[in-house]
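Text of the file run_36.txt, holding compact mmCIF, C-alpha atoms:
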# COMPACT_ATOMS: atom_id res chain seq x y z
CA MET W 9 56.65 37.14 -48.04
CA ALA W 10 56.53 34.15 -45.68
CA ALA W 11 55.41 36.25 -42.67
CA PRO W 12 52.27 37.71 -44.37
CA LEU W 13 51.35 34.21 -45.63
CA VAL W 14 51.65 32.81 -42.09
CA LEU W 15 49.38 35.60 -40.79
CA VAL W 16 46.80 34.84 -43.49
CA VAL W 17 46.92 31.13 -42.63
CA LEU W 18 46.48 31.88 -38.91
CA ALA W 19 43.50 34.14 -39.66
CA ALA W 20 41.96 31.47 -41.90
CA VAL W 21 42.44 28.72 -39.28
CA THR W 22 41.00 30.93 -36.51
CA LEU W 23 37.93 31.74 -38.62
CA ARG W 24 37.31 28.07 -39.45
CA ALA W 25 37.87 26.92 -35.86
CA ALA W 26 35.41 29.54 -34.59
CA LEU W 27 32.77 28.47 -37.13
CA TYR W 28 33.26 24.78 -36.28
CA ARG W 29 32.41 25.60 -32.66
CA SER W 30 29.40 27.73 -33.56
CA SER W 31 25.80 26.82 -34.35
CA PHE W 32 26.39 27.80 -37.99
CA ALA W 33 28.40 24.62 -38.73
CA ALA W 34 25.34 22.33 -38.83
CA LEU W 35 23.39 24.91 -40.85
CA ILE W 36 26.16 25.33 -43.44
CA ALA W 37 26.62 21.55 -43.76
CA GLU W 38 22.98 21.23 -44.87
CA ARG W 39 23.17 23.92 -47.55
CA VAL W 40 22.71 22.51 -51.07
CA GLU W 41 25.04 25.19 -52.44
CA VAL W 42 27.90 23.83 -50.31
CA ALA W 43 27.34 20.06 -50.25
CA SER W 44 26.17 17.86 -53.12
CA PRO W 45 25.19 14.17 -53.23
CA LEU W 46 28.78 13.48 -54.28
CA ASN W 47 30.70 15.25 -51.53
CA ALA W 48 28.35 15.79 -48.57
CA TRP W 49 29.94 14.89 -45.24
CA LYS W 50 26.83 13.12 -43.90
CA ARG W 51 27.07 10.70 -46.85
CA VAL W 52 30.72 10.00 -46.00
CA VAL W 53 29.63 9.22 -42.41
CA GLU W 54 26.93 6.87 -43.75
CA GLY W 55 29.53 5.13 -45.92
CA LEU W 56 31.86 4.73 -42.94
CA ALA W 57 29.02 3.24 -40.87
CA LEU W 58 28.33 0.66 -43.60
CA LEU W 59 32.05 -0.14 -43.89
CA ASP W 60 32.31 -0.69 -40.13
CA LEU W 61 29.37 -3.13 -40.34
CA GLY W 62 31.16 -5.12 -43.01
CA VAL W 63 28.78 -3.95 -45.74
CA SER W 64 30.01 -2.39 -48.99
CA PRO W 65 29.44 1.39 -48.76
CA TYR W 66 28.34 1.27 -52.41
CA SER W 67 25.59 -1.30 -51.82
CA GLY W 68 22.95 1.39 -51.46
CA ASP W 69 22.43 4.75 -53.12
CA ILE W 70 23.91 6.90 -50.38
CA PHE W 71 27.68 6.95 -50.79
CA HIS W 72 29.27 8.14 -54.03
CA GLU W 73 32.77 9.16 -52.96
CA THR W 74 35.92 7.28 -53.98
CA PRO W 75 37.33 4.36 -51.94
CA LEU W 76 40.51 6.26 -51.05
CA ILE W 77 38.43 8.99 -49.41
CA ILE W 78 36.43 6.57 -47.27
CA TYR W 79 39.57 4.75 -46.15
CA LEU W 80 41.28 8.07 -45.39
CA PHE W 81 38.49 9.05 -43.02
CA HIS W 82 38.19 5.51 -41.68
CA PHE W 83 41.43 6.28 -39.84
CA LEU W 84 41.03 10.06 -39.42
CA ILE W 85 37.33 10.42 -38.61
CA GLU W 86 38.15 11.82 -35.15
CA TYR W 87 40.31 14.52 -36.72
CA ALA W 88 38.03 15.40 -39.64
CA GLU W 89 37.90 19.13 -38.83
CA LEU W 90 41.70 19.28 -38.65
CA VAL W 91 42.01 17.36 -41.94
CA PHE W 92 39.80 19.85 -43.78
CA MET W 93 41.63 22.84 -42.34
CA ILE W 94 44.97 21.32 -43.36
CA THR W 95 43.71 20.61 -46.90
CA ASP W 96 42.67 24.25 -47.31
CA ILE W 97 46.08 25.43 -46.07
CA LEU W 98 47.89 23.01 -48.37
CA THR W 99 45.81 24.22 -51.33
CA ALA W 100 46.62 27.87 -50.58
CA VAL W 101 50.35 27.17 -50.13
CA ALA W 102 50.47 25.12 -53.35
CA LEU W 103 48.75 27.90 -55.29
CA TYR W 104 51.06 30.48 -53.68
CA LEU W 105 54.19 28.57 -54.75
CA ALA W 106 52.77 27.80 -58.21
CA ILE W 107 51.93 31.45 -58.97
CA GLN W 108 55.30 32.55 -57.60
CA ASP W 109 57.07 30.29 -60.11
CA TYR W 110 54.66 31.22 -62.88
CA ASN W 111 55.32 34.94 -62.39
CA LYS W 112 59.06 34.33 -62.67
CA ALA W 113 58.51 32.45 -65.94
CA VAL W 114 56.23 35.22 -67.26
CA PHE W 115 58.77 37.90 -66.44
CA LYS W 116 61.60 35.98 -68.17
CA LYS W 117 59.46 35.42 -71.26
CA GLN W 118 58.42 39.08 -71.33
CA LYS W 119 62.05 40.21 -71.02
CA LEU W 120 63.06 37.93 -73.91
CA LEU W 121 60.26 39.22 -76.15
CA ILE W 122 61.25 42.83 -75.41
CA GLU W 123 64.87 42.07 -76.34
CA LEU W 124 63.70 40.46 -79.60
CA ASP W 125 61.50 43.51 -80.39
CA LYS W 126 58.36 41.40 -80.54
CA TYR W 127 56.31 44.12 -78.82
CA ALA W 128 55.04 47.33 -80.39
CA PRO W 129 56.93 50.50 -79.34
CA ASP W 130 53.97 52.23 -77.64
CA VAL W 131 52.97 49.46 -75.19
CA ALA W 132 55.23 50.36 -72.26
CA GLU W 133 52.20 50.81 -69.99
CA LEU W 134 51.14 47.20 -70.69
CA ILE W 135 54.49 45.72 -69.70
CA ARG W 136 54.32 44.02 -66.30
CA THR W 137 56.87 45.01 -63.64
CA PRO W 138 58.36 42.92 -60.79
CA MET W 139 56.82 45.28 -58.23
CA GLU W 140 53.36 44.80 -59.74
CA MET W 141 53.75 41.00 -59.69
CA HIS W 142 55.38 40.75 -56.26
CA TYR W 143 52.22 40.46 -54.14
CA ILE W 144 50.13 38.40 -56.58
CA PRO W 145 50.97 34.99 -54.97
CA LEU W 146 49.93 36.34 -51.57
CA LYS W 147 46.71 37.75 -53.03
CA VAL W 148 45.93 34.33 -54.52
CA ALA W 149 46.39 32.67 -51.11
CA VAL W 150 44.24 35.34 -49.43
CA VAL W 151 41.46 35.06 -52.03
CA TYR W 152 41.39 31.29 -51.62
CA LEU W 153 41.65 31.04 -47.83
CA LEU W 154 39.30 33.91 -46.95
CA ASN W 155 36.77 33.42 -49.73
CA PRO W 156 33.36 32.73 -48.10
CA TYR W 157 32.85 29.88 -50.59
CA THR W 158 36.05 28.16 -49.39
CA VAL W 159 35.28 28.78 -45.74
CA MET W 160 31.76 27.32 -46.07
CA SER W 161 33.07 24.24 -47.91
CA CYS W 162 35.62 23.65 -45.16
CA VAL W 163 33.10 24.15 -42.34
CA ALA W 164 30.61 21.85 -44.08
CA LYS W 165 33.43 19.28 -44.43
CA SER W 166 32.68 18.93 -48.13
CA THR W 167 35.18 16.59 -49.81
CA CYS W 168 35.37 19.14 -52.63
CA ALA W 169 38.13 20.70 -50.49
CA ILE W 170 40.24 17.57 -50.96
CA SER W 171 39.67 17.61 -54.72
CA ASN W 172 40.81 21.25 -54.77
CA THR W 173 44.00 20.30 -52.91
CA VAL W 174 44.84 17.59 -55.43
CA ILE W 175 44.23 19.99 -58.35
CA ALA W 176 46.37 22.68 -56.66
CA PHE W 177 49.28 20.22 -56.33
CA PHE W 178 48.79 19.20 -59.95
CA ILE W 179 49.08 22.87 -60.98
CA LEU W 180 52.20 23.31 -58.81
CA ALA W 181 53.86 20.20 -60.26
CA THR W 182 53.02 21.30 -63.81
CA ILE W 183 54.35 24.84 -63.40
CA ARG W 184 57.54 23.48 -61.82
CA GLY W 185 57.98 21.26 -64.88
CA SER W 186 57.69 17.84 -63.21
CA ALA W 187 55.92 15.67 -65.80
CA PHE W 188 55.80 12.66 -63.46
CA LEU W 189 54.21 14.46 -60.49
CA SER W 190 51.92 16.40 -62.80
CA ALA W 191 50.63 13.13 -64.32
CA VAL W 192 50.21 11.50 -60.89
CA PHE W 193 48.24 14.41 -59.41
CA LEU W 194 46.16 14.75 -62.58
CA ALA W 195 45.34 11.03 -62.32
CA LEU W 196 44.34 11.54 -58.67
CA ALA W 197 42.16 14.52 -59.60
CA THR W 198 40.50 12.54 -62.41
CA TYR W 199 39.98 9.59 -60.08
CA GLN W 200 38.38 11.90 -57.55
CA SER W 201 35.90 13.75 -59.78
CA LEU W 202 36.42 12.68 -63.43
CA TYR W 203 36.14 16.14 -65.04
CA PRO W 204 39.79 17.20 -64.40
CA ILE W 205 40.77 14.93 -67.31
CA THR W 206 40.21 18.08 -69.43
CA LEU W 207 43.22 19.66 -67.67
CA PHE W 208 45.46 17.19 -69.54
CA ALA W 209 45.65 19.56 -72.54
CA PRO W 210 46.85 22.74 -70.73
CA ALA W 211 49.29 20.72 -68.63
CA LEU W 212 50.76 19.09 -71.72
CA LEU W 213 51.09 22.45 -73.50
CA TYR W 214 52.85 24.00 -70.50
CA LEU W 215 55.27 21.08 -70.13
CA LEU W 216 56.05 21.19 -73.86
CA GLN W 217 56.94 24.87 -73.48
CA ARG W 218 59.15 24.07 -70.48
CA GLN W 219 60.98 21.46 -72.55
CA PHE W 220 61.30 23.90 -75.52
CA ILE W 221 59.49 21.38 -77.72
CA PRO W 222 57.67 23.00 -80.68
CA ILE W 223 53.91 22.50 -80.63
CA LYS W 224 53.64 21.17 -84.16
CA LEU W 225 51.75 18.07 -85.26
CA LYS W 226 54.56 17.12 -87.65
CA SER W 227 57.20 17.25 -84.92
CA LYS W 228 58.44 13.85 -83.69
CA SER W 229 59.54 15.30 -80.35
CA PHE W 230 56.01 16.67 -79.83
CA TRP W 231 54.42 13.23 -80.27
CA LEU W 232 57.12 11.48 -78.25
CA PHE W 233 56.65 13.74 -75.22
CA THR W 234 52.85 13.60 -75.58
CA MET W 235 52.91 9.79 -75.55
CA GLN W 236 55.25 9.75 -72.55
CA TYR W 237 53.04 12.12 -70.55
CA ALA W 238 49.86 10.27 -71.57
CA ALA W 239 51.47 6.94 -70.57
CA LEU W 240 52.48 8.34 -67.15
CA TYR W 241 48.95 9.66 -66.63
CA LEU W 242 47.19 6.44 -67.70
CA CYS W 243 49.54 4.22 -65.69
CA SER W 244 48.99 6.35 -62.58
CA LEU W 245 45.23 6.21 -63.07
CA VAL W 246 45.28 2.42 -63.52
CA VAL W 247 47.39 1.99 -60.36
CA ILE W 248 45.00 4.16 -58.31
CA ILE W 249 41.92 2.32 -59.60
CA CYS W 250 43.53 -1.08 -58.94
CA LEU W 251 44.46 0.06 -55.42
CA SER W 252 40.80 0.96 -54.87
CA PHE W 253 39.81 -2.52 -56.05
CA PHE W 254 42.23 -4.18 -53.62
CA LEU W 255 40.88 -2.07 -50.75
CA LEU W 256 37.26 -3.06 -51.43
CA ASN W 257 37.77 -6.34 -53.29
CA SER W 258 35.03 -5.11 -55.61
CA TRP W 259 34.47 -2.94 -58.69
CA ASP W 260 31.21 -1.55 -57.24
CA PHE W 261 32.75 1.90 -56.85
CA ILE W 262 33.03 2.47 -60.63
CA PRO W 263 29.26 2.66 -61.37
CA SER W 264 28.58 4.24 -57.96
CA VAL W 265 31.07 7.07 -58.47
CA TYR W 266 31.66 7.63 -62.18
CA GLY W 267 28.33 6.24 -63.38
CA PHE W 268 26.64 8.52 -60.85
CA ILE W 269 28.57 11.58 -62.10
CA LEU W 270 27.78 10.87 -65.75
CA SER W 271 24.17 9.65 -65.55
CA VAL W 272 22.99 12.25 -62.95
CA PRO W 273 20.33 10.07 -61.26
CA ASP W 274 20.06 12.20 -58.09
CA LEU W 275 18.19 15.43 -58.88
CA THR W 276 18.74 17.11 -55.51
CA PRO W 277 18.82 20.90 -56.13
CA ASN W 278 22.27 22.46 -56.36
CA ILE W 279 23.95 25.44 -58.05
CA GLY W 280 24.33 23.53 -61.32
CA LEU W 281 22.29 23.40 -64.51
CA PHE W 282 21.27 19.72 -64.53
CA TRP W 283 18.81 19.11 -61.71
CA TYR W 284 15.81 21.25 -62.73
CA PHE W 285 16.08 20.43 -66.42
CA PHE W 286 16.02 16.67 -65.86
CA ALA W 287 13.36 16.85 -63.16
CA GLU W 288 11.00 18.36 -65.75
CA MET W 289 12.00 16.10 -68.64
CA PHE W 290 10.26 12.98 -69.97
CA GLU W 291 12.28 9.89 -69.05
CA HIS W 292 12.79 8.64 -72.62
CA PHE W 293 14.55 11.91 -73.60
CA SER W 294 16.92 11.98 -70.62
CA LEU W 295 19.80 9.90 -72.04
CA PHE W 296 20.17 12.13 -75.10
CA PHE W 297 20.13 15.35 -73.08
CA VAL W 298 22.47 13.95 -70.42
CA CYS W 299 25.00 13.40 -73.23
CA VAL W 300 24.37 16.92 -74.56
CA PHE W 301 24.84 18.49 -71.12
CA GLN W 302 27.91 16.42 -70.23
CA ILE W 303 29.68 17.18 -73.50
CA ASN W 304 29.83 20.88 -72.56
CA VAL W 305 32.68 20.27 -70.14
CA PHE W 306 34.76 18.47 -72.79
CA PHE W 307 33.67 20.26 -75.95
CA TYR W 308 35.58 23.52 -75.40
CA THR W 309 38.94 21.89 -74.66
CA ILE W 310 40.15 21.49 -78.25
CA PRO W 311 39.22 25.00 -79.53
CA LEU W 312 40.71 26.55 -76.39
CA ALA W 313 43.88 24.47 -76.86
CA VAL W 314 44.20 25.82 -80.41
CA LYS W 315 43.56 29.44 -79.41
CA LEU W 316 45.59 29.45 -76.17
CA LYS W 317 48.42 27.07 -77.02
CA GLU W 318 50.96 29.80 -76.18
CA HIS W 319 49.23 30.59 -72.86
CA PRO W 320 48.52 27.25 -71.12
CA VAL W 321 48.10 28.68 -67.60
CA PHE W 322 45.32 31.00 -68.73
CA PHE W 323 43.88 28.00 -70.59
CA MET W 324 43.99 26.06 -67.30
CA PHE W 325 42.12 28.86 -65.52
CA VAL W 326 39.38 28.93 -68.18
CA GLN W 327 39.09 25.13 -68.11
CA LEU W 328 38.71 25.11 -64.31
CA ALA W 329 35.91 27.67 -64.65
CA ILE W 330 34.18 25.57 -67.34
CA ILE W 331 34.35 22.50 -65.08
CA SER W 332 32.83 24.37 -62.13
CA ILE W 333 29.98 25.72 -64.30
CA PHE W 334 29.06 22.65 -66.36
CA LYS W 335 29.81 19.68 -64.08
CA SER W 336 26.80 17.65 -62.96
CA TYR W 337 27.06 18.29 -59.19
CA PRO W 338 28.87 21.62 -58.66
CA THR W 339 29.28 23.37 -55.32
CA VAL W 340 30.64 26.75 -54.26
CA GLY W 341 33.95 25.03 -53.43
CA ASP W 342 34.51 24.44 -57.15
CA VAL W 343 33.86 28.12 -57.86
CA ALA W 344 36.32 29.17 -55.13
CA LEU W 345 39.21 27.33 -56.82
CA TYR W 346 39.12 29.18 -60.14
CA MET W 347 38.26 32.49 -58.44
CA ALA W 348 41.54 32.22 -56.55
CA PHE W 349 43.27 32.81 -59.91
CA LEU W 350 41.60 36.17 -60.54
CA PRO W 351 44.46 38.19 -58.92
CA VAL W 352 46.87 36.54 -61.40
CA TRP W 353 45.06 38.40 -64.18
CA SER W 354 44.93 41.76 -62.38
CA HIS W 355 46.79 43.31 -65.34
CA LEU W 356 43.66 42.68 -67.44
CA TYR W 357 41.37 44.90 -65.32
CA ARG W 358 41.71 47.88 -67.67
CA PHE W 359 40.30 45.77 -70.52
CA LEU W 360 37.38 44.20 -68.63
CA ARG W 361 34.03 45.56 -69.79
CA ASN W 362 31.46 44.41 -67.20
CA ILE W 363 33.43 43.47 -64.10
CA PHE W 364 31.43 45.68 -61.69
CA ILE W 365 28.03 44.49 -62.94
CA LEU W 366 29.10 40.84 -62.94
CA SER W 367 30.61 41.10 -59.45
CA CYS W 368 27.36 42.57 -58.13
CA MET W 369 25.42 39.87 -59.98
CA LEU W 370 27.41 37.02 -58.39
CA ILE W 371 27.25 38.57 -54.90
CA ALA W 372 23.48 39.15 -55.20
CA CYS W 373 22.92 35.57 -56.35
CA SER W 374 25.01 34.23 -53.46
CA LEU W 375 22.85 36.17 -50.99
CA LEU W 376 19.59 35.17 -52.67
CA PHE W 377 20.31 31.41 -52.71
CA PRO W 378 19.28 30.85 -49.05
CA VAL W 379 16.40 33.35 -49.31
CA LEU W 380 14.71 31.63 -52.27
CA TRP W 381 15.43 28.20 -50.78
CA HIS W 382 13.63 29.25 -47.60
CA LEU W 383 10.68 30.64 -49.57
CA TRP W 384 10.43 27.40 -51.55
CA ILE W 385 11.08 24.69 -48.94
CA TYR W 386 9.97 26.25 -45.64
CA ALA W 387 7.61 29.15 -46.32
CA GLY W 388 5.90 27.49 -49.28
CA SER W 389 5.37 30.86 -50.96
CA ALA W 390 7.66 30.03 -53.91
CA ASN W 391 8.46 26.98 -56.03
CA SER W 392 11.44 25.34 -57.73
CA ASN W 393 11.28 27.85 -60.59
CA PHE W 394 12.39 30.63 -58.24
CA TYR W 395 15.43 28.72 -57.00
CA TYR W 396 16.42 27.54 -60.48
CA ALA W 397 16.10 31.11 -61.77
CA ILE W 398 18.72 32.32 -59.32
CA THR W 399 20.86 29.27 -60.12
CA LEU W 400 20.64 30.07 -63.82
CA THR W 401 21.51 33.71 -63.17
CA PHE W 402 24.52 32.68 -61.08
CA ASN W 403 25.84 30.43 -63.85
CA ILE W 404 25.21 33.05 -66.54
CA GLY W 405 27.18 35.48 -64.37
CA GLN W 406 30.09 33.02 -64.22
CA ILE W 407 29.99 32.43 -67.98
CA LEU W 408 30.01 36.17 -68.66
CA LEU W 409 32.82 36.68 -66.15
CA VAL W 410 35.05 34.08 -67.81
CA SER W 411 34.13 35.43 -71.25
CA ASP W 412 35.06 38.94 -70.13
CA TYR W 413 38.48 37.77 -68.91
CA PHE W 414 38.98 35.80 -72.14
CA TYR W 415 38.16 38.92 -74.20
CA ALA W 416 40.46 41.09 -72.07
CA PHE W 417 43.31 38.59 -72.38
CA LEU W 418 43.07 38.41 -76.17
CA ARG W 419 42.73 42.17 -76.44
CA ARG W 420 45.90 42.80 -74.41
CA GLU W 421 47.84 40.24 -76.46
CA TYR W 422 46.73 41.96 -79.67
CA TYR W 423 47.76 45.39 -78.37
CA LEU W 424 51.19 44.08 -77.32
CA THR W 425 52.05 43.12 -80.89
CA HIS W 426 50.12 45.74 -82.87
CA GLY W 427 50.33 48.75 -80.55
CA LEU W 428 47.82 50.59 -78.39
CA HIS W 429 47.03 53.27 -80.93
CA LEU W 430 45.49 51.52 -83.90
CA THR W 431 44.80 53.39 -87.13
CA ARG W 432 42.90 52.62 -90.30
CA GLN W 433 44.41 52.87 -93.78
CA ASP W 434 43.15 56.44 -94.09
CA GLY W 435 44.94 57.46 -90.89
CA THR W 436 41.87 57.74 -88.65
CA GLU W 437 41.73 56.01 -85.26
CA ALA W 438 40.51 52.40 -85.39
CA MET W 439 38.59 50.48 -82.77
CA LEU W 440 39.50 46.87 -81.95
CA VAL W 441 36.57 44.47 -82.18
CA LEU W 442 37.12 40.81 -81.32
CA LYS W 443 34.65 38.32 -82.76
Do you think you could lay out the structure here as structure tokens?
Amino acid sequence: MAAPLVLVVLAAVTLRAALYRSSFAALIAERVEVASPLNAWKRVVEGLALLDLGVSPYSGDIFHETPLIIYLFHFLIEYAELVFMITDILTAVALYLAIQDYNKAVFKKQKLLIELDKYAPDVAELIRTPMEMHYIPLKVAVVYLLNPYTVMSCVAKSTCAISNTVIAFFILATIRGSAFLSAVFLALATYQSLYPITLFAPALLYLLQRQFIPIKLKSKSFWLFTMQYAALYLCSLVVIICLSFFLLNSWDFIPSVYGFILSVPDLTPNIGLFWYFFAEMFEHFSLFFVCVFQINVFFYTIPLAVKLKEHPVFFMFVQLAIISIFKSYPTVGDVALYMAFLPVWSHLYRFLRNIFILSCMLIACSLLFPVLWHLWIYAGSANSNFYYAITLTFNIGQILLVSDYFYAFLRREYYLTHGLHLTRQDGTEAMLVLK
């Protein structure tokens, strides 16, 4: 499997190198779908210029990245293109290794459940085989590296690529059962963009399963491990934040990064749901609705944890999708990360209801983004309503896509235990309806 992965990596590097040397690089870097006020490369360059002049990069309203990022590029600015290509490769390799280990764990669990007769007798066609699962890690790497969203983020030098790398290593550490590394990478991901704090729940559930600790509120071992993992996470986060303070000798980065993410003061158009809504809103209502919008990312974590406590990796996938949809400054790089997991759930395709329509919907929206932007900003024959309409459609498409996978996952789990051929009490065929 190593040889095909190397070929994919070489193809991905060649494509990125060619685009870096083309006239498209400057055009892509300016696209609002690819770069946001948080992660745009030109803002990183502005921050570096201020740092070189001895001025705090957070003194104005330009730079909103974390201190570790600006100090990373302070030393590697000449090799920025290489850094972004390496981060994409590292992300793909981490996801490849993580899914490889996850598939082994899934197969062992499935074999155990078959031996214990936990599955219905007529579900042989739903049982996953090693041959079916063999190429899934490679497909994940291919989908991530050759996804146009990932390629554009890399070419635009959006720091979203670095956030994706940190999250990918967090997933790898979690699936391999390393609580310490999982907590450290989760702290780094939270430090970088705040919203990954919601991944604490699926990571904890997966690690509890790895340790064979029952997920019961009355269990002492459950609370002991939870406190240990939470302590590792919080200590790592405190160390990273203190390191940032020592680098800058100032706490200015906290309101400039995290206050900026939460309060959404910059209403530059993007593929998210915030900008248009708050541009049209009266100022005295904004605080209430900012809280309402922000709570969406965090609100679904607890009910999903209850429903998917036995399936934490699928829970992680759904949570990544929720973050990319409801965060305040999303880009296509965020979408690319959770889409890389779609091959992992290829066994759910038979249960998906609207996959063709939703795929066409997302592709059409992706193509219409630059068209409607041009009509609004350059041609003047459209207005912000047109661009927000396509943004709204794109996000609805993502929500429906995740909902469809969630429905398919629950439906397959139900069939595994109750059988494919369901009957009513009178012996007639029954239809499964999930509410």
For the interface of stretch 320-380 of chain W with stretch 197-202 of chain W (cut-off 12 Å, counting all atoms listed in the file), please tabulate each contacting residue of stretch 320-380 of chain W alongside its nearest pair of atoms and their separation in Å to one decimal, rows sorted by chain and increasing number, as JSON lines.
{"residue": "W:Ile331", "atom": "CA", "partner": "W:Leu202", "partner_atom": "CA", "distance": 10.2}
{"residue": "W:Ser332", "atom": "CA", "partner": "W:Ser201", "partner_atom": "CA", "distance": 11.3}
{"residue": "W:Lys335", "atom": "CA", "partner": "W:Ser201", "partner_atom": "CA", "distance": 9.5}
{"residue": "W:Ser336", "atom": "CA", "partner": "W:Ser201", "partner_atom": "CA", "distance": 10.4}
{"residue": "W:Tyr337", "atom": "CA", "partner": "W:Ser201", "partner_atom": "CA", "distance": 10.0}
{"residue": "W:Pro338", "atom": "CA", "partner": "W:Ser201", "partner_atom": "CA", "distance": 10.6}
{"residue": "W:Asp342", "atom": "CA", "partner": "W:Ser201", "partner_atom": "CA", "distance": 11.1}
Quick one: residues within 12 Å of W:Leu295, all atoms listed in the file, excluding same-chain residues fewer than 5 positions away - as a PDB file with C-alpha atoms, keeping the file's coordinate frame?
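Writing done, so here's around.pdb:
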ATOM      1  CA  LEU W 270      27.780  10.870 -65.750  1.00  0.00           C
ATOM      2  CA  SER W 271      24.170   9.650 -65.550  1.00  0.00           C
ATOM      3  CA  VAL W 272      22.990  12.250 -62.950  1.00  0.00           C
ATOM      4  CA  PRO W 273      20.330  10.070 -61.260  1.00  0.00           C
ATOM      5  CA  PHE W 286      16.020  16.670 -65.860  1.00  0.00           C
ATOM      6  CA  MET W 289      12.000  16.100 -68.640  1.00  0.00           C
ATOM      7  CA  PHE W 290      10.260  12.980 -69.970  1.00  0.00           C
ATOM      8  CA  VAL W 300      24.370  16.920 -74.560  1.00  0.00           C
ATOM      9  CA  PHE W 301      24.840  18.490 -71.120  1.00  0.00           C
ATOM     10  CA  GLN W 302      27.910  16.420 -70.230  1.00  0.00           C
TER      11      GLN W 302
END
Do a neighbour search on W:Leu418 at 10 Å with all atoms listed in the file, toss out local chain neighbours closer than 5 positions, and write the hits as a list in words. Lys315, Leu316, Leu356, Phe359, Tyr413, Tyr423, Leu424 and Leu442 of chain W
Output file for the selection above: C-alpha atoms, as a PDB file, in the frame of the given file:
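And here is the file that came out, selection.pdb:
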ATOM      1  CA  LYS W 315      43.560  29.440 -79.410  1.00  0.00           C
ATOM      2  CA  LEU W 316      45.590  29.450 -76.170  1.00  0.00           C
ATOM      3  CA  LEU W 356      43.660  42.680 -67.440  1.00  0.00           C
ATOM      4  CA  PHE W 359      40.300  45.770 -70.520  1.00  0.00           C
ATOM      5  CA  TYR W 413      38.480  37.770 -68.910  1.00  0.00           C
ATOM      6  CA  TYR W 423      47.760  45.390 -78.370  1.00  0.00           C
ATOM      7  CA  LEU W 424      51.190  44.080 -77.320  1.00  0.00           C
ATOM      8  CA  LEU W 442      37.120  40.810 -81.320  1.00  0.00           C
TER       9      LEU W 442
END
Exercise: residues within 8 Å of coordinate (19.8, 30.6, -53.6), counting only C-alpha atoms, as a ChimeraX atom specification: /W:41,279,373-381,395,398-399
For a quick check of your reading of the model, name the residues lying within 12 Å of the coordinate (49.1, 36.5, -56.4), counting only C-alpha atoms, and write them as a ChimeraX atom specification. /W:9,13,100-112,139-152,347-355
Produce a file of the selected residues containing C-alpha atoms, as a CSV table (one decimal), keeping the file's coordinate frame.
chain,number,residue,atom,x,y,z
W,9,MET,CA,56.6,37.1,-48.0
W,13,LEU,CA,51.4,34.2,-45.6
W,100,ALA,CA,46.6,27.9,-50.6
W,101,VAL,CA,50.4,27.2,-50.1
W,102,ALA,CA,50.5,25.1,-53.4
W,103,LEU,CA,48.8,27.9,-55.3
W,104,TYR,CA,51.1,30.5,-53.7
W,105,LEU,CA,54.2,28.6,-54.8
W,106,ALA,CA,52.8,27.8,-58.2
W,107,ILE,CA,51.9,31.4,-59.0
W,108,GLN,CA,55.3,32.6,-57.6
W,109,ASP,CA,57.1,30.3,-60.1
W,110,TYR,CA,54.7,31.2,-62.9
W,111,ASN,CA,55.3,34.9,-62.4
W,112,LYS,CA,59.1,34.3,-62.7
W,139,MET,CA,56.8,45.3,-58.2
W,140,GLU,CA,53.4,44.8,-59.7
W,141,MET,CA,53.8,41.0,-59.7
W,142,HIS,CA,55.4,40.8,-56.3
W,143,TYR,CA,52.2,40.5,-54.1
W,144,ILE,CA,50.1,38.4,-56.6
W,145,PRO,CA,51.0,35.0,-55.0
W,146,LEU,CA,49.9,36.3,-51.6
W,147,LYS,CA,46.7,37.8,-53.0
W,148,VAL,CA,45.9,34.3,-54.5
W,149,ALA,CA,46.4,32.7,-51.1
W,150,VAL,CA,44.2,35.3,-49.4
W,151,VAL,CA,41.5,35.1,-52.0
W,152,TYR,CA,41.4,31.3,-51.6
W,347,MET,CA,38.3,32.5,-58.4
W,348,ALA,CA,41.5,32.2,-56.6
W,349,PHE,CA,43.3,32.8,-59.9
W,350,LEU,CA,41.6,36.2,-60.5
W,351,PRO,CA,44.5,38.2,-58.9
W,352,VAL,CA,46.9,36.5,-61.4
W,353,TRP,CA,45.1,38.4,-64.2
W,354,SER,CA,44.9,41.8,-62.4
W,355,HIS,CA,46.8,43.3,-65.3
How close does each residue of stretch 176-285 of chain W get to stretch 70-73 of chain W, giving the shortest atom pair and distance in Å to one decimal for every residue with an atom at most 9 Å away, counting all atoms listed in the file, sorted by chain and residue number, as JSON lines?
{"residue": "W:Gln200", "atom": "CA", "partner": "W:Glu73", "partner_atom": "CA", "distance": 7.7}
{"residue": "W:Ser201", "atom": "CA", "partner": "W:Glu73", "partner_atom": "CA", "distance": 8.8}
{"residue": "W:Phe261", "atom": "CA", "partner": "W:His72", "partner_atom": "CA", "distance": 7.7}
{"residue": "W:Ser264", "atom": "CA", "partner": "W:His72", "partner_atom": "CA", "distance": 5.6}
{"residue": "W:Val265", "atom": "CA", "partner": "W:His72", "partner_atom": "CA", "distance": 4.9}
{"residue": "W:Tyr266", "atom": "CA", "partner": "W:His72", "partner_atom": "CA", "distance": 8.5}
{"residue": "W:Phe268", "atom": "CA", "partner": "W:His72", "partner_atom": "CA", "distance": 7.3}
{"residue": "W:Ile269", "atom": "CA", "partner": "W:His72", "partner_atom": "CA", "distance": 8.8}
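Counting from atom CA of W:Ser166, the distance to atom CA of W:Leu58 is 19.3 Å.
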Contacts of W:Phe115 at 10 Å (all atoms listed in the file; same-chain gap of 6+ positions) as number ranges by chain: W: 121, 135-138, 141
For W:Ala164, please output as a ChimeraX atom specification all residues within 10 Å (counting all atoms listed in the file; exclusion window: fewer than 5 positions along the same chain). /W:27-28,32-39,42-43,47-50,89,92,158-159,169
